[in-house]
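Peer 1: Here you go, this is protein30.cif (mmCIF, C-alpha atoms and all ligand atoms).
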```cif
data_run
#
loop_
_atom_site.label_atom_id
_atom_site.label_comp_id
_atom_site.auth_asym_id
_atom_site.auth_seq_id
_atom_site.Cartn_x
_atom_site.Cartn_y
_atom_site.Cartn_z
CA MET A 1 -21.95 -2.25 16.23
CA GLN A 2 -20.49 1.14 15.55
CA SER A 3 -21.27 3.01 12.36
CA LEU A 4 -18.27 4.03 10.27
CA ASN A 5 -17.91 7.79 10.27
CA ILE A 6 -16.74 8.81 6.81
CA GLU A 7 -15.74 12.34 7.83
CA ALA A 8 -13.51 10.99 10.61
CA LEU A 9 -12.10 8.35 8.28
CA ILE A 10 -10.81 10.86 5.74
CA GLN A 11 -9.17 12.98 8.43
CA ARG A 12 -6.29 10.51 8.73
CA PRO A 13 -3.39 11.28 6.42
CA LEU A 14 -3.19 7.72 5.07
CA LEU A 15 -5.94 5.31 4.17
CA MET A 16 -5.31 1.81 2.83
CA VAL A 17 -8.31 0.21 1.14
CA GLY A 18 -8.19 -3.58 0.87
CA GLY A 19 -10.46 -6.52 0.10
CA LYS A 20 -11.01 -9.48 -2.18
CA GLY A 21 -11.08 -9.09 -5.98
CA GLY A 22 -14.07 -7.31 -7.45
CA VAL A 23 -15.79 -6.29 -4.20
CA GLY A 24 -15.59 -2.55 -4.89
CA LYS A 25 -12.19 -1.40 -3.56
CA THR A 26 -11.51 0.96 -6.45
CA THR A 27 -15.02 2.38 -6.31
CA VAL A 28 -14.91 2.97 -2.55
CA SER A 29 -11.37 4.33 -2.43
CA ALA A 30 -12.03 6.69 -5.35
CA ALA A 31 -15.29 7.83 -3.73
CA LEU A 32 -13.56 8.50 -0.41
CA ALA A 33 -10.74 10.34 -2.14
CA LEU A 34 -13.28 12.46 -4.00
CA ALA A 35 -15.19 13.16 -0.77
CA ALA A 36 -11.96 14.30 0.89
CA ALA A 37 -11.05 16.53 -2.06
CA ARG A 38 -14.55 18.03 -2.07
CA SER A 39 -14.17 18.86 1.60
CA GLY A 40 -11.00 20.80 0.82
CA ARG A 41 -8.33 18.21 1.56
CA ARG A 42 -5.56 17.87 -1.00
CA THR A 43 -5.81 14.18 -1.83
CA LEU A 44 -3.70 11.66 -3.70
CA LEU A 45 -5.30 8.41 -4.85
CA VAL A 46 -2.83 5.63 -5.61
CA SER A 47 -3.58 2.34 -7.33
CA THR A 48 -1.07 -0.51 -7.04
CA ASP A 49 -3.18 -2.94 -9.02
CA PRO A 50 -1.65 -3.80 -12.42
CA ALA A 51 -5.14 -3.86 -13.97
CA HIS A 52 -5.71 -0.20 -13.31
CA ASN A 53 -9.06 1.38 -13.74
CA LEU A 54 -8.64 4.80 -12.18
CA SER A 55 -8.06 6.14 -15.69
CA ASP A 56 -11.49 4.81 -16.68
CA ILE A 57 -13.26 6.24 -13.67
CA PHE A 58 -11.74 9.70 -14.10
CA GLN A 59 -11.72 9.53 -17.89
CA THR A 60 -8.15 10.79 -17.92
CA ARG A 61 -4.98 8.92 -18.78
CA ILE A 62 -3.15 8.59 -15.47
CA GLY A 63 -0.34 6.01 -15.52
CA ASN A 64 2.87 6.30 -13.60
CA ARG A 65 2.77 10.08 -13.06
CA ILE A 66 0.81 11.97 -10.42
CA THR A 67 -2.02 13.41 -12.49
CA PRO A 68 -4.71 15.93 -11.49
CA VAL A 69 -8.15 14.33 -11.95
CA ALA A 70 -10.49 16.73 -10.12
CA ASP A 71 -10.25 19.84 -7.95
CA GLY A 72 -7.91 18.99 -5.09
CA LEU A 73 -7.58 15.39 -6.27
CA TRP A 74 -4.60 13.71 -7.91
CA ALA A 75 -4.18 10.10 -8.99
CA LEU A 76 -1.31 7.73 -9.67
CA GLU A 77 -1.28 4.23 -11.14
CA VAL A 78 1.80 2.36 -10.01
CA ASP A 79 2.84 -0.39 -12.38
CA PRO A 80 4.68 -3.14 -10.46
CA GLU A 81 6.59 -4.37 -13.53
CA ARG A 82 7.75 -0.94 -14.46
CA GLU A 83 8.72 -0.27 -10.85
CA LEU A 84 10.86 -3.38 -10.95
CA ASP A 85 12.61 -2.26 -14.14
CA GLN A 86 13.38 1.14 -12.68
CA TYR A 87 14.43 -0.33 -9.36
CA LEU A 88 16.82 -2.84 -10.99
CA GLU A 89 18.23 -0.14 -13.22
CA SER A 90 19.09 1.99 -10.18
CA VAL A 91 20.65 -1.03 -8.42
CA ARG A 92 22.58 -1.80 -11.62
CA ARG A 93 23.94 1.73 -11.84
CA GLN A 94 24.95 1.71 -8.19
CA MET A 95 26.68 -1.65 -8.42
CA LEU A 96 28.37 -1.14 -11.78
CA ALA A 97 30.13 1.84 -10.30
CA TYR A 98 31.84 -0.47 -7.83
CA ALA A 99 32.33 -3.60 -9.89
CA ALA A 100 35.60 -4.31 -11.66
CA VAL A 101 35.28 -4.49 -15.44
CA ASN A 102 35.70 -8.28 -15.47
CA GLN A 103 32.91 -8.68 -12.85
CA ARG A 104 30.37 -6.79 -14.90
CA PRO A 105 29.04 -9.62 -17.11
CA ALA A 106 28.42 -11.72 -13.98
CA LEU A 107 26.65 -8.80 -12.36
CA GLU A 108 24.41 -8.33 -15.40
CA ARG A 109 23.57 -12.05 -15.31
CA GLN A 110 22.73 -11.81 -11.61
CA LEU A 111 20.42 -8.87 -12.21
CA LYS A 112 18.60 -10.79 -14.94
CA LEU A 113 18.04 -13.63 -12.47
CA VAL A 114 16.81 -11.20 -9.83
CA ARG A 115 14.31 -9.86 -12.37
CA GLN A 116 12.69 -13.27 -12.54
CA SER A 117 12.94 -14.22 -8.90
CA PRO A 118 9.78 -14.47 -6.83
CA GLY A 119 9.29 -11.44 -4.68
CA ALA A 120 11.28 -9.09 -6.94
CA GLU A 121 8.19 -7.21 -8.06
CA GLU A 122 6.96 -6.99 -4.50
CA ALA A 123 10.29 -5.54 -3.39
CA ALA A 124 10.08 -2.89 -6.10
CA LEU A 125 6.47 -2.14 -5.25
CA LEU A 126 7.28 -1.77 -1.56
CA GLU A 127 10.08 0.56 -2.54
CA ARG A 128 7.57 2.80 -4.29
CA ILE A 129 4.85 2.47 -1.64
CA THR A 130 7.23 3.48 1.14
CA ARG A 131 8.45 6.42 -0.94
CA ILE A 132 4.87 7.60 -1.35
CA ILE A 133 4.08 7.17 2.36
CA VAL A 134 7.23 8.92 3.52
CA ASP A 135 8.00 11.45 0.80
CA GLU A 136 4.63 12.65 -0.50
CA GLN A 137 4.13 15.33 2.11
CA GLY A 138 2.23 17.71 -0.15
CA TYR A 139 -1.13 15.99 0.48
CA ASP A 140 -3.55 16.02 3.39
CA LEU A 141 -4.63 12.51 2.52
CA VAL A 142 -3.18 9.63 0.53
CA VAL A 143 -5.58 6.79 -0.32
CA PHE A 144 -4.19 3.47 -1.53
CA ASP A 145 -6.65 1.54 -3.66
CA THR A 146 -5.97 -2.21 -3.37
CA ALA A 147 -3.87 -2.20 -0.25
CA PRO A 148 -1.98 -5.46 -0.40
CA THR A 149 -2.36 -7.03 3.04
CA GLY A 150 0.51 -9.47 2.55
CA HIS A 151 2.86 -6.73 1.35
CA THR A 152 1.96 -4.54 4.28
CA LEU A 153 2.71 -7.29 6.78
CA ARG A 154 6.07 -7.95 5.18
CA LEU A 155 6.80 -4.24 5.03
CA LEU A 156 6.43 -4.10 8.81
CA HIS A 157 9.13 -6.73 9.28
CA LEU A 158 11.55 -5.35 6.74
CA PRO A 159 13.12 -2.55 8.78
CA LYS A 160 14.51 -5.14 11.20
CA THR A 161 15.90 -7.29 8.39
CA MET A 162 17.37 -4.27 6.68
CA ALA A 163 18.93 -3.06 9.92
CA ALA A 164 20.59 -6.46 10.24
CA TRP A 165 22.05 -6.20 6.70
CA SER A 166 23.31 -2.69 7.23
CA ARG A 167 24.75 -3.63 10.61
CA GLY A 168 26.52 -6.58 8.99
CA LEU A 169 27.99 -4.37 6.30
CA LEU A 170 28.82 -1.64 8.77
CA ALA A 171 30.55 -4.13 11.05
CA ARG A 172 32.70 -5.25 8.16
CA ARG A 173 33.41 -1.67 7.26
CA GLU A 174 34.29 -0.81 10.85
CA LYS A 175 36.67 -3.75 11.03
CA GLY A 176 38.36 -2.47 7.89
CA GLY A 177 38.44 0.98 9.42
CA ARG A 178 39.99 -0.27 12.66
CA LEU A 179 42.63 -2.21 10.76
CA ARG A 180 43.45 0.83 8.72
CA SER A 181 43.88 3.02 11.76
CA LEU A 182 45.97 0.36 13.48
CA PHE A 183 48.32 0.24 10.52
CA ALA A 184 48.29 3.98 10.32
CA HIS A 185 49.30 4.12 13.99
CA LEU A 186 52.06 1.53 13.61
CA ASN A 187 53.36 3.27 10.58
CA ARG A 188 53.01 6.76 11.89
CA HIS A 189 56.75 7.15 11.94
CA ALA A 190 57.36 5.03 8.98
CA LYS A 191 57.24 6.87 5.73
CA GLU A 192 55.49 4.05 3.95
CA ASN A 193 51.96 3.48 5.10
CA PRO A 194 50.03 1.32 2.66
CA PHE A 195 46.71 2.16 4.28
CA ASN A 196 47.25 5.83 4.45
CA THR A 197 47.50 6.35 0.78
CA ASP A 198 44.74 8.06 -1.16
CA GLY A 199 43.57 4.52 -2.04
CA GLY A 200 42.63 4.00 1.62
CA GLU A 201 40.69 7.25 1.74
CA ASP A 202 38.89 6.40 -1.47
CA ALA A 203 37.90 2.97 -0.25
CA SER A 204 36.30 4.42 2.86
CA ALA A 205 34.48 7.11 0.92
CA ARG A 206 33.32 4.49 -1.56
CA GLU A 207 32.02 2.25 1.22
CA GLN A 208 30.14 5.15 2.69
CA LYS A 209 28.57 5.84 -0.67
CA LEU A 210 27.59 2.21 -1.03
CA LEU A 211 26.05 2.17 2.44
CA ALA A 212 24.18 5.45 2.07
CA PRO A 213 21.28 4.08 -0.03
CA LEU A 214 20.98 1.09 2.32
CA LYS A 215 20.75 3.35 5.33
CA GLU A 216 18.27 5.61 3.53
CA ARG A 217 16.12 2.63 2.63
CA GLU A 218 16.17 1.23 6.13
CA ALA A 219 15.19 4.61 7.61
CA ARG A 220 12.41 5.02 5.02
CA PHE A 221 10.94 1.56 5.71
CA ARG A 222 11.13 2.21 9.44
CA THR A 223 9.23 5.49 9.05
CA ALA A 224 6.62 3.87 6.78
CA ALA A 225 6.12 1.07 9.31
CA GLU A 226 5.70 3.63 12.10
CA VAL A 227 3.05 5.46 10.07
CA LEU A 228 1.20 2.21 9.30
CA LEU A 229 1.10 1.27 12.97
CA ASP A 230 -0.10 4.65 14.19
CA GLU A 231 -3.88 4.94 14.22
CA THR A 232 -3.77 8.72 14.26
CA ARG A 233 -1.83 8.66 10.99
CA SER A 234 -3.24 5.72 9.07
CA GLY A 235 -5.90 3.06 8.85
CA PHE A 236 -6.91 0.03 6.83
CA LEU A 237 -10.41 0.02 5.43
CA PHE A 238 -11.83 -3.27 4.21
CA VAL A 239 -14.41 -3.54 1.48
CA MET A 240 -16.39 -6.74 1.12
CA THR A 241 -19.64 -8.10 -0.22
CA ALA A 242 -22.01 -10.11 1.96
CA GLU A 243 -20.88 -13.46 0.55
CA SER A 244 -19.03 -16.28 2.20
CA LEU A 245 -15.71 -16.11 0.31
CA PRO A 246 -15.14 -12.38 0.83
CA LEU A 247 -16.20 -12.91 4.45
CA GLN A 248 -13.59 -15.62 5.01
CA GLU A 249 -10.87 -13.67 3.28
CA THR A 250 -11.65 -10.47 5.14
CA GLU A 251 -11.66 -12.34 8.45
CA ARG A 252 -8.20 -13.69 7.72
CA ALA A 253 -6.83 -10.33 6.58
CA VAL A 254 -8.29 -8.39 9.53
CA LYS A 255 -6.89 -10.94 11.99
CA ALA A 256 -3.46 -10.90 10.34
CA LEU A 257 -3.27 -7.11 10.42
CA GLN A 258 -4.60 -6.78 13.94
CA SER A 259 -2.18 -9.40 15.24
CA GLN A 260 0.59 -7.10 14.01
CA LYS A 261 -1.12 -4.10 15.59
CA VAL A 262 -2.00 -2.47 12.28
CA PRO A 263 -5.05 -0.27 12.94
CA VAL A 264 -8.13 -1.42 11.02
CA ALA A 265 -10.37 1.61 10.56
CA GLY A 266 -13.51 -0.18 9.47
CA LEU A 267 -15.48 -2.18 7.01
CA VAL A 268 -17.68 -1.28 4.05
CA VAL A 269 -20.18 -3.98 3.08
CA ASN A 270 -20.91 -3.29 -0.55
CA ARG A 271 -23.52 -4.14 -3.16
CA LEU A 272 -26.28 -5.09 -0.76
CA LEU A 273 -29.56 -6.24 -2.29
CA PRO A 274 -32.53 -4.16 -1.13
CA GLU A 275 -35.22 -5.66 1.09
CA MET A 276 -37.60 -5.88 -1.85
CA ALA A 277 -35.37 -8.64 -3.27
CA ALA A 278 -36.99 -10.94 -0.72
CA ASP A 279 -40.25 -10.59 -2.64
CA ILE A 280 -38.73 -11.37 -6.02
CA THR A 281 -38.62 -15.09 -6.66
CA PHE A 282 -35.46 -14.86 -8.70
CA LEU A 283 -33.57 -12.98 -5.95
CA ARG A 284 -35.07 -14.55 -2.85
CA GLY A 285 -32.30 -17.14 -2.42
CA ALA A 286 -29.56 -14.55 -2.84
CA TYR A 287 -31.27 -12.24 -0.40
CA ARG A 288 -31.50 -15.00 2.22
CA GLN A 289 -27.82 -15.80 1.83
CA GLN A 290 -27.01 -12.14 2.15
CA ALA A 291 -29.05 -11.88 5.38
CA HIS A 292 -27.25 -14.92 6.77
CA CYS A 293 -23.88 -13.45 5.83
CA LEU A 294 -24.79 -10.10 7.37
CA GLU A 295 -25.51 -11.84 10.67
CA LYS A 296 -22.09 -13.43 10.53
CA ILE A 297 -20.47 -10.12 9.66
CA ALA A 298 -22.20 -8.50 12.64
CA GLU A 299 -20.88 -11.28 14.85
CA GLN A 300 -17.35 -11.52 13.49
CA PHE A 301 -16.66 -7.85 13.10
CA SER A 302 -18.61 -6.42 16.02
CA HIS A 303 -15.43 -4.56 17.02
CA LEU A 304 -15.17 -2.73 13.68
CA PRO A 305 -17.07 0.41 12.59
CA GLN A 306 -19.12 -0.45 9.51
CA ARG A 307 -21.07 1.00 6.62
CA HIS A 308 -23.46 -0.66 4.24
CA LEU A 309 -23.62 0.30 0.57
CA PRO A 310 -26.57 -0.73 -1.56
CA LEU A 311 -26.28 -2.34 -4.95
CA MET A 312 -26.74 0.58 -7.29
CA GLY A 313 -28.48 0.46 -10.60
CA GLU A 314 -27.35 2.40 -13.63
CA GLY A 315 -25.16 5.49 -13.74
CA MET A 316 -22.16 4.12 -11.88
CA GLU A 317 -19.68 5.43 -14.44
CA GLY A 318 -17.21 8.24 -13.95
CA ILE A 319 -17.16 10.95 -11.32
CA GLU A 320 -20.97 11.09 -11.27
CA GLY A 321 -21.05 7.44 -10.24
CA LEU A 322 -18.57 8.22 -7.47
CA GLU A 323 -20.68 11.13 -6.26
CA LYS A 324 -23.56 8.69 -5.79
CA ILE A 325 -21.35 6.38 -3.77
CA VAL A 326 -20.16 9.34 -1.67
CA GLY A 327 -23.80 10.26 -1.02
CA GLU A 328 -24.57 6.70 0.01
CA LEU A 329 -21.50 6.43 2.23
CA ARG A 330 -22.50 9.59 4.03
CA ALA A 331 -26.21 8.87 4.16
CA SER A 332 -26.39 5.11 4.54
CA PRO A 333 -27.95 4.11 7.83
CA PRO A 334 -25.59 2.87 10.49
CA ALA A 335 -24.84 -0.76 9.93
CA ALA A 336 -26.38 -1.59 13.31
CA GLU A 337 -29.58 -2.92 11.80
CA PRO A 338 -28.85 -5.47 9.12
CA PRO A 339 -31.86 -6.20 6.92
CA VAL A 340 -33.66 -9.20 8.31
CA GLY A 341 -33.86 -12.34 6.17
CA ARG A 342 -37.28 -13.60 5.28
N1 LIG A 401 -22.51 -0.48 -4.84
C1 LIG A 401 -22.35 -0.81 -6.11
N2 LIG A 401 -23.43 -0.95 -6.93
C2 LIG A 401 -23.29 -1.31 -8.22
N3 LIG A 401 -22.12 -1.54 -8.81
C3 LIG A 401 -21.00 -1.41 -8.06
C4 LIG A 401 -21.06 -1.04 -6.68
N4 LIG A 401 -19.78 -0.99 -6.20
C5 LIG A 401 -19.00 -1.31 -7.23
N5 LIG A 401 -19.70 -1.57 -8.32
C6 LIG A 401 -19.21 -1.97 -9.66
O1 LIG A 401 -18.61 -3.25 -9.51
C7 LIG A 401 -17.48 -3.36 -10.36
C8 LIG A 401 -16.25 -3.74 -9.51
O2 LIG A 401 -15.98 -2.67 -8.63
P1 LIG A 401 -14.49 -2.20 -8.37
O3 LIG A 401 -13.73 -2.09 -9.63
O4 LIG A 401 -14.56 -1.01 -7.50
O5 LIG A 401 -13.97 -3.46 -7.53
P2 LIG A 401 -12.46 -3.79 -7.10
O6 LIG A 401 -12.55 -4.45 -5.76
O7 LIG A 401 -11.61 -2.61 -7.22
O8 LIG A 401 -12.10 -4.86 -8.20
P3 LIG A 401 -10.63 -5.43 -8.54
O9 LIG A 401 -10.31 -6.40 -7.43
O10 LIG A 401 -10.85 -6.10 -9.86
O11 LIG A 401 -9.71 -4.26 -8.58
C9 LIG A 401 -17.32 -2.03 -11.06
O12 LIG A 401 -17.92 -2.14 -12.31
C10 LIG A 401 -18.11 -1.07 -10.19
O13 LIG A 401 -18.65 0.00 -10.94
MG MG A 402 -9.82 -2.30 -8.32
#
```
Here is a file; write its structure as structure tokens.
Ligand SMILES: Nc1ncnc2c1ncn2[C@@H]1O[C@H](COP(=O)(O)OP(=O)(O)OP(=O)(O)O)[C@@H](O)[C@H]1O
Ligand SMILES: [Mg+2]

Peer 2:
Amino acid sequence: MQSLNIEALIQRPLLMVGGKGGVGKTTVSAALALAAARSGRRTLLVSTDPAHNLSDIFQTRIGNRITPVADGLWALEVDPERELDQYLESVRRQMLAYAAVNQRPALERQLKLVRQSPGAEEAALLERITRIIVDEQGYDLVVFDTAPTGHTLRLLHLPKTMAAWSRGLLARREKGGRLRSLFAHLNRHAKENPFNTDGGEDASAREQKLLAPLKEREARFRTAAEVLLDETRSGFLFVMTAESLPLQETERAVKALQSQKVPVAGLVVNRLLPEMAADITFLRGAYRQQAHCLEKIAEQFSHLPQRHLPLMGEGMEGIEGLEKIVGELRASPPAAEPPVGR
């Protein structure tokens, strides 16, 4: 089993950190981001989890704005609900511009329904995630804390769906365009050409304007998908604890990503009990289960580079806590020798 090389890991421009609830995603992603910043890489750490705790770790209010939190390190807490509000507001503005006055109440009603529909928040979140992946070029590394596996998989399929929508709209537009030019041709010598009035020009310009954001979005999602599939530009890092539920969930997520050719960069097994736990009556059972789970992890994930992180005692708060994790990530022995169960 290969040991996960932290220095190599933070050389990629994009790192997605995923895993089951509570296993240490925020801790590990913040520690990696800090390590990258310390080694001189301009780094952006992004949380997409509504229950943010980057603000707590860095003892700075972060929220929805890119905020400096340490030398060479910036953080952002994306709020899915707020993203949805902003997203719907921009859609509303775009559509109101093209809706007749008597259509507006219906449009407003529709938008209210969209707000409550399943998947709306995800759509808004993907909008923001793809913008960060594609537009935030000022950083050497962007780390996503709580990489949503399901969202990522859907993101990969969206460019095709979007292309189909745009093509459909374009086809309709083209048809209109062809009709217009046909009439224009027939009427070339006739003074009265209903399609050659300024109304015709306006309609075409308006359609172009309406299509522009769609085309932009499709191109952006396509680029984001390309980045996510390119192992020189991005990687998924899984964090888990040596317990059966995180093991099952990580197995599923790794398989799902790999079946779509998303590069999985490695695995961090967190909060490991030390060997001495085997000698403590109270912890013996837990230690045995951990050893059993570690054997399974070695078997199931033999193809993935791995790191083990010990369960730490006190002093996990703030940047100092992160520094300790960074030290452990760099120093921890290769995961090749899991502690043996007794
Ligand atoms: N190796 C460790 N030793 C001791 N405590 C740890 C370790 N790793 C993480 N923790 C602590 O465990 C708690 C959960 O960690 P963290 O918030 O990073 O998990 P998470 O996967 O981001 O959780 P969530 O799914 O709720 O976002 C935190 O209090 C953190 O300080
Ligand atoms: Mg978290």

Peer 1: Compare A:Ala75, A:Leu267, A:Leu107, A:Leu125 by their minimum atom-to-atom distance to A:Phe58, counting all atoms listed in the file, and give me the closest one.

Peer 2: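 So, comparing all the options, the nearest one is A:Ala75.
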
Peer 1: Quick one: what's the axis-aligned box for stretch 79-97 of chain A, all listed atoms, 8 Å on every side, centre and edges in Å to one decimal, as JSON?

Peer 2:
```
{"center_x": 16.5, "center_y": -1.2, "center_z": -11.3, "size_x": 43.3, "size_y": 22.4, "size_z": 22.3}
```

Peer 1: Which residues of chain A have any atom within 7 Å of an atom in ligand MG 402 (chain A) when counting all atoms listed in the file, and what is the closest pair of atoms for each, with the distance in Å to one decimal? Order the rows by chain and rising number and write it as JSON lines.

Peer 2:
```
{"residue": "A:Gly22", "atom": "CA", "partner": "A:MG402", "partner_atom": "MG", "distance": 6.6}
{"residue": "A:Gly24", "atom": "CA", "partner": "A:MG402", "partner_atom": "MG", "distance": 6.7}
{"residue": "A:Lys25", "atom": "CA", "partner": "A:MG402", "partner_atom": "MG", "distance": 5.4}
{"residue": "A:Thr26", "atom": "CA", "partner": "A:MG402", "partner_atom": "MG", "distance": 4.1}
{"residue": "A:Asp49", "atom": "CA", "partner": "A:MG402", "partner_atom": "MG", "distance": 6.7}
{"residue": "A:His52", "atom": "CA", "partner": "A:MG402", "partner_atom": "MG", "distance": 6.8}
{"residue": "A:Asn53", "atom": "CA", "partner": "A:MG402", "partner_atom": "MG", "distance": 6.6}
{"residue": "A:Asp145", "atom": "CA", "partner": "A:MG402", "partner_atom": "MG", "distance": 6.8}
{"residue": "A:Thr146", "atom": "CA", "partner": "A:MG402", "partner_atom": "MG", "distance": 6.3}
```

Peer 1: Just checking: using all atoms listed in the file, which residue out of A:Thr43, A:Asn270, A:Gln208, A:Gln59 ends up closest to ligand LIG 401 (chain A)?

Peer 2: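 The answer is A:Asn270, which sits nearest to ligand LIG 401 (chain A).
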
Peer 1: From the options A:Pro105, A:Pro310, A:Gly72, A:Pro213, which residue's atoms come nearest to ligand LIG 401 (chain A), counting only C-alpha atoms and all ligand atoms?

Peer 2: A:Pro310

Peer 1: Nearest to ligand LIG 401 (chain A) among A:Leu156, A:Met316, A:Ile66, A:Ile6, with distances taken over all atoms listed in the file: which residue is it?

Peer 2: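 With all atoms listed in the file as the atom set, the closest residue is A:Met316.
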
Peer 1: Can you tell me which residues sit at most 10 Å away from ligand LIG 401 (chain A), counting only C-alpha atoms and all ligand atoms, written as a PyMOL selection string?

Peer 2: chain A and resi 17-31+47-54+57+145-146+239-241+269-273+308-318+321-322+324-325+328-329

Peer 1: Measuring between all atoms listed in the file, which one of A:Val101, A:Leu126, A:Lys112, A:Ser204 shows the shortest distance to A:Asp79?

Peer 2: A:Leu126
